[in-house]
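Enquirer: Encoded as structure tokens, here's the structure I'll be asking about.
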Amino acid sequence: MRRTWSRREWTCFALATLVYFVASLLVLRHVLPNPTHLLPYNSGIDPGFRWLGHMDQSMVVSVLVRNAHLLLTEPWSLLGDGQCFPFPQSFTLGEHMFGEGLLIAIPWALTSDPILAYNLMLVLTLWIPGVTMYLLTYNFVRHGGAAFVAGLFLLLAPPRIIDGGHPYLHAEFWLPLILLFLHQLFTGNRRWLPAAGLGLFLALEALETIYVLLAVALVTAVYGLFLAARFPRRIPSVALPLATSLAFSIGVACVVLLPYFDTRASWDVLSGRPTALFRMGAYGPGSPYFVGGLGLVLALAGLLDRFVHKRAVRGDDPRAAMLAAALTVVWASATEIPIPGTDWALPGLLALLSQIVPGLDAVRALFAVVIGLWVPVALLAGYGMLVITDRLPRRAGIALVALLTLAIGAERLVPEFARWNFGSALDLFAWEARPPEEDIELVRAVNHGPVFDVPVASLENPLSRASQARHLLLQSWNPKPSSSCYNSFDTPLAEQLTQIGNALPNVGAVESLAAIGFGQILSHDLAWWPPHRARWKRRVAADPEVVAVMPEVARSSGLSAYALTARTPVHEDLERLGGLGEGP
């Protein structure tokens with residue numbers, strides 16, 4: 001029978017969610033003094049490379065705000081234009097981040113401030129895994145303290161709390177609910193309700209990056225196979241609901257992922273990148289991918305107890321399945337696994353699949369599937385906490401939970417303890433990310449369509465190209481398609497667009513931009529070499545023909561905006577780009 005929660009259980013859950021919220025704020029404490037200006041970054045990054053992390057994060061903010069803006073205004077355009085305009089479906093050149101676009105949509109709607117909305121979204125990406133892990137663990141252990149510790153363990157997973165710039169890499173936070181609904185589907189009396197929950201949260205994970213999707217698929221498949229082996233007689237009754245939920249989530253995944261294959265086939269990109277995987281030492285002490293001393297002890301206690309007590313819920317004790325899932329994730333994210341006592345090694349799962357599965361050779365950091373490790377380990381740690389507190393008096397159990405809460409927090413957030421466990425401090429510092437207010441007001445005020453940014457980036461100068469990330473961040477205050485392109489893969493149109501940009505303000509180049517859909521030119525005046533800036537300003541002001549097709553419509557101390565008024569029809573045939581930069 002389905003069991004409803006008592007008032008006491010609801011109270012414990014409410015307190016847990018409150019503590020998780022406080023813990024999330026604690027992780028982001030360095031941005032709290034000014035969350036509309038500051039963004040978090042990993043303090044362990046070498047100072048010489050922090051600028052690169054800031055550029056990555058600037059691009060991520062812009063993509064997430066663009067996704068949120070379209071979800072709220074034109075959801076049918078989500079798979080359309082963005083950065084790297086006019087390249088079609090340019091999200092396929094990197095991470096699409098649709099899942100985080102959903103999370104940031106409400107903060108963006110409430111604030112209209114990209115940096116504040118992003119920081120609020122980061123709070124959610126920390127808080128949600130704690131809550132979902134609590135629900136999964138409590139379903140099995142029926143102990144609020146054990147469930148709370150498991151949730152805190154997942155919330156404070158080291159890769160999550162050191163990386164404020166790539167939240168899409170740590171978005172496995174719906175996985176606990178996927179496992180919960182899968183368990184209910186096989187063991188409960190209801191079929192379609194848990195199948196609907198399973199399909200919904202699998203679909204949400206399908207909106208995430210391929211790294212997270214692979215991690216979730218591995219853990220879900222292992223647990224599903226264990227359930228099928230444990231309850232073979234129930235397979236006929238769950239087959240249709242399960243197939244329906246899988247079909248729905250796979251359909252969502254196809255909508256998101258098939259454009260990548262179209263881009264790969266049409267433009268000869270998204271291939272040939274070296275794949276990075278882990279060596280086994282990455283999972284041990286001194287690495288941010290180590291589960292931590294306390295996590296390891298609690299998980300081992302939970303596993304050892306499996307040989308003594310079978311703590312089954314509706315006939316299922318998931319600990320063996322969770323151990324198998326954790327080992328599968330390790331196997332998938334490793335280059336190879338040495339076989340003790342021999343010279344042999346088992347090749348890594350994804351190392352093998354990357355040579356077989358189409359598209360995996362475009363995925364650089366396959367080791368990131370390691371994020372799937374923390375959910376099964378967190379559940380095992382919850383069982384370990386149950387073992388420790390099971391026979392203690394209630395007050396002693398509460399005191400021990402409080403003590404372990406402080407210990408887990410100290411292990412991750414106190415630099416000395418973090419270095420001993422994970423090799424470095426797990427701390428997020430803050431950097432000033434907000435552009436000048438007058439530039440923001442200009443961007444908000446000018447609405448003439450897709451933006452062409454000048455000066456154009458040099459194809460040979462990485463520093464010049466990195467500046468495009470800052471252009472994208474600025475334009476996130478009024479999201480629209482942009483020629484700026486900061487992505488995992490370069491746009492195949494970069495050379496042609498550079499030729500057009502270098503020909504500006506030639507009237508033919510202006511008309512070329514209008515012909516392929518641009519509506520305005522935004523000059524980042526401080527980015528020009530001064531003689532070039534002076535020459536640009538002089539030519540724009542002195543030539544009546546140029547003034548007629550690109551009149552200046554707004555100016556700040558750092559920007560000049562020009563509307564494109566050329567009457568040239570818009571063309572969708574991108575092959576025309578080859579000659580569009582030429583003069584009349």
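Chain labels follow the order of the structure tokens: the first chain is A, the next B, and so on; residue numbering restarts at 1 in every chain, and ligands are counted from 1 in their shown order.
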Once DSSP has gone over the backbone, tell me which residues of range 37-284 of chain A are in helix (DSSP H, G or I), as a PyMOL selection string.
Expert: chain A and resi 47-73+75-77+90-93+98-111+114-141+144-155+158-161+167-170+172-187+192-206+210-230+232-267+280-283
Enquirer: Quick one: residues within 12 Å of Gly397 in chain A, only C-alpha atoms counted, chain neighbours fewer than 3 positions away excluded, as a list in words?
Expert: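 Listing them by chain and then by number gives His143, Gly144, Gly145, Ala146, Met385, Leu386, Val387, Ile388, Thr389, Asp390, Arg391, Leu392, Pro393, Arg394, Leu400, Val401, Ala402, Leu403 and Leu404 of chain A.
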Enquirer: Grab the CA of Leu373 in chain A to CA of Val329 in chain A distance for me, in Å with one decimal place.
Expert: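 Between CA of Leu373 in chain A and CA of Val329 in chain A the gap works out to 6.0 Å.
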Enquirer: Which residues come within 9 Å of Glu208 in chain A, counting only C-alpha atoms, excluding same-chain residues fewer than 3 positions away, as JSON, numbers by chain?
Expert: {"A": [95, 96, 97, 98, 99, 100, 168, 169, 171, 172, 204, 205, 211, 212, 213]}
Enquirer: Keeping N, CA and C atoms, export the residues of the selection given above as a compact mmCIF listing (two decimals), in the first residue's frame.
Expert:
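Now in part.txt:
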```txt
# COMPACT_ATOMS: atom_id res chain seq x y z
N GLU A 95 27.68 23.51 -26.38
CA GLU A 95 26.67 23.00 -25.46
C GLU A 95 25.38 23.79 -25.61
N HIS A 96 24.25 23.09 -25.70
CA HIS A 96 22.98 23.79 -25.93
C HIS A 96 22.40 24.39 -24.65
N MET A 97 22.60 23.74 -23.50
CA MET A 97 22.21 24.28 -22.19
C MET A 97 20.70 24.54 -22.08
N PHE A 98 19.88 23.74 -22.73
CA PHE A 98 18.43 23.96 -22.67
C PHE A 98 17.87 23.69 -21.27
N GLY A 99 18.43 22.69 -20.59
CA GLY A 99 17.94 22.38 -19.24
C GLY A 99 18.14 23.55 -18.28
N GLU A 100 19.32 24.16 -18.33
CA GLU A 100 19.57 25.32 -17.47
C GLU A 100 18.77 26.53 -17.94
N TYR A 168 25.97 23.22 -16.58
CA TYR A 168 25.40 22.13 -17.37
C TYR A 168 26.20 20.84 -17.23
N LEU A 169 27.44 20.92 -16.74
CA LEU A 169 28.25 19.71 -16.55
C LEU A 169 27.88 18.97 -15.27
N ALA A 171 24.53 18.65 -13.98
CA ALA A 171 23.07 18.73 -13.98
C ALA A 171 22.42 17.36 -13.85
N GLU A 172 23.06 16.47 -13.09
CA GLU A 172 22.46 15.15 -12.89
C GLU A 172 21.44 15.18 -11.75
N LEU A 204 13.89 15.79 -18.98
CA LEU A 204 14.63 16.94 -18.49
C LEU A 204 16.14 16.69 -18.57
N GLU A 205 16.56 15.47 -18.28
CA GLU A 205 17.98 15.16 -18.41
C GLU A 205 18.40 15.11 -19.88
N TYR A 211 27.38 14.78 -21.78
CA TYR A 211 28.10 14.18 -20.66
C TYR A 211 27.11 13.72 -19.58
N VAL A 212 26.22 14.63 -19.21
CA VAL A 212 25.23 14.30 -18.17
C VAL A 212 24.27 13.24 -18.68
N LEU A 213 23.86 13.35 -19.93
CA LEU A 213 22.92 12.38 -20.49
C LEU A 213 23.52 10.98 -20.48
```
Enquirer: When you look at range 333-338 of chain A with a cut-off of 8 Å (counting only C-alpha atoms), what residues show up, excluding the ones that are within fewer than 6 positions of it in the same chain? I need them as a ChimeraX atom specification.
Expert: /A:277-280,344-351,366-370
Enquirer: Going by DSSP on the backbone, which bits of range 194-365 of chain A are strand (DSSP E or B)? Write them as a list of chain:residue names, please.
Expert: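 Here are the strand (DSSP E or B) residues of range 194-365 of chain A: A:Phe278, A:Val313, A:Asp316, A:Ala334, A:Glu336, A:Ile337, A:Pro338, A:Ala345, A:Leu346, A:Pro347.
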Enquirer: Please measure the separation of CA of Pro159 in chain A and CA of Ile371 in chain A, giving the value in Å to one decimal.
Expert: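 Taking CA of Pro159 in chain A as the start and CA of Ile371 in chain A as the end point, the length is 7.7 Å.
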Enquirer: For a quick check of understanding, using only C-alpha atoms, which of A:Gly224, A:Gly382, A:Pro241, A:Gly281 has the smallest distance to Asp316 in chain A?
Expert: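 Checking each of A:Gly224, A:Gly382, A:Pro241, A:Gly281 against Asp316 in chain A, counting only C-alpha atoms, the winner is A:Gly224.
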Enquirer: Residues within 10 Å of range 522-533 of chain A, please, as a list of chain:residue names. Count only C-alpha atoms; anything in the same chain fewer than 3 positions from it doesn't count.
Expert: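 These residues fall inside the cut-off: A:Asp439, A:Val443, A:Val446, A:Val451, A:Phe452, A:Asp453, A:Val454, A:Pro455, A:Val456, A:Ser464, A:Ser467, A:His471, A:Ser482, A:Trp536, A:Lys537, A:Arg538, A:Arg539, A:Glu552, A:Ala554, A:Arg555, A:Ser556, A:Ser557, A:Gly558, A:Leu559, A:Ser560, A:Ala561, A:Tyr562, A:Ala563.
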Enquirer: For range 430-533 of chain A against range 53-73 of chain A, with a cut-off of 7 Å and counting only C-alpha atoms, what is the closest atom pair and its distance in Å to one decimal for every residue that makes the cut, ordered by chain and number, as a Markdown table?
Expert:
```
| residue | atom | partner | partner_atom | distance |
| --- | --- | --- | --- | --- |
| A:Ala466 | CA | A:Met55 | CA | 6.5 |
| A:Ala469 | CA | A:Met59 | CA | 5.0 |
| A:Arg470 | CA | A:Ser58 | CA | 6.0 |
| A:Leu472 | CA | A:Ser62 | CA | 5.8 |
| A:Leu473 | CA | A:Ser62 | CA | 5.0 |
| A:Ser476 | CA | A:Ser62 | CA | 5.1 |
| A:Pro479 | CA | A:Arg66 | CA | 5.6 |
| A:Tyr486 | CA | A:Met59 | CA | 6.8 |
```
Enquirer: Please write the residues from the selection above to a file, keeping all heavy atoms, as a short mmCIF file (atom, residue, chain, number, x, y, z; two decimals), in the first residue's frame.
Expert:
```
data_model
loop_
_atom_site.label_atom_id
_atom_site.label_comp_id
_atom_site.auth_asym_id
_atom_site.auth_seq_id
_atom_site.Cartn_x
_atom_site.Cartn_y
_atom_site.Cartn_z
N ALA A 466 38.57 35.60 -28.05
CA ALA A 466 37.99 35.45 -26.72
C ALA A 466 37.15 36.65 -26.33
O ALA A 466 36.20 36.54 -25.56
CB ALA A 466 39.10 35.22 -25.68
N ALA A 469 33.28 36.68 -26.24
CA ALA A 469 32.48 36.23 -25.11
C ALA A 469 31.94 37.42 -24.32
O ALA A 469 30.79 37.40 -23.84
CB ALA A 469 33.30 35.32 -24.20
N ARG A 470 32.75 38.45 -24.17
CA ARG A 470 32.29 39.65 -23.48
C ARG A 470 31.23 40.38 -24.29
O ARG A 470 30.29 40.96 -23.74
CB ARG A 470 33.48 40.58 -23.20
CG ARG A 470 34.50 40.00 -22.25
CD ARG A 470 33.92 39.81 -20.85
NE ARG A 470 33.74 41.09 -20.16
CZ ARG A 470 33.06 41.23 -19.03
NH1 ARG A 470 32.48 40.17 -18.48
NH2 ARG A 470 32.94 42.40 -18.46
N LEU A 472 29.05 38.88 -26.14
CA LEU A 472 27.84 38.09 -25.93
C LEU A 472 27.22 38.39 -24.57
O LEU A 472 26.00 38.48 -24.44
CB LEU A 472 28.16 36.60 -26.05
CG LEU A 472 28.54 36.12 -27.46
CD1 LEU A 472 29.09 34.70 -27.41
CD2 LEU A 472 27.32 36.18 -28.39
N LEU A 473 28.06 38.51 -23.54
CA LEU A 473 27.54 38.83 -22.22
C LEU A 473 26.81 40.17 -22.23
O LEU A 473 25.70 40.29 -21.70
CB LEU A 473 28.67 38.86 -21.19
CG LEU A 473 28.27 39.27 -19.77
CD1 LEU A 473 27.26 38.29 -19.18
CD2 LEU A 473 29.49 39.39 -18.87
N SER A 476 23.40 40.05 -23.69
CA SER A 476 22.39 39.27 -22.98
C SER A 476 21.40 40.17 -22.23
O SER A 476 20.36 39.69 -21.79
CB SER A 476 23.05 38.28 -22.02
OG SER A 476 23.76 38.96 -21.00
N PRO A 479 18.60 40.06 -25.42
CA PRO A 479 19.05 38.93 -26.24
C PRO A 479 18.55 39.01 -27.68
O PRO A 479 17.37 39.25 -27.94
CB PRO A 479 18.44 37.72 -25.52
CG PRO A 479 18.20 38.19 -24.12
CD PRO A 479 17.84 39.62 -24.24
N TYR A 486 31.68 32.33 -29.72
CA TYR A 486 32.63 31.78 -28.74
C TYR A 486 32.11 30.40 -28.37
O TYR A 486 31.18 30.26 -27.57
CB TYR A 486 32.70 32.69 -27.52
CG TYR A 486 33.74 32.30 -26.49
CD1 TYR A 486 35.02 32.84 -26.53
CD2 TYR A 486 33.45 31.41 -25.47
CE1 TYR A 486 35.98 32.49 -25.59
CE2 TYR A 486 34.39 31.06 -24.52
CZ TYR A 486 35.66 31.59 -24.58
OH TYR A 486 36.60 31.25 -23.64
#
```
Enquirer: Kindly indicate which residue among A:Ala378, A:Ala312, A:Leu120, A:Leu459 lies nearest to Arg230 in chain A, using only C-alpha atoms for the distances.
Expert: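 When distances to Arg230 in chain A are compared using only C-alpha atoms, the smallest one comes from A:Ala312.
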Enquirer: Looking at A:Pro505, A:Phe186, A:Gly165, A:Asp268, which one is nearest to Ala541 in chain A, with distances taken over only C-alpha atoms?
Expert: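 Ranked by minimum distance to Ala541 in chain A, first place goes to A:Pro505.
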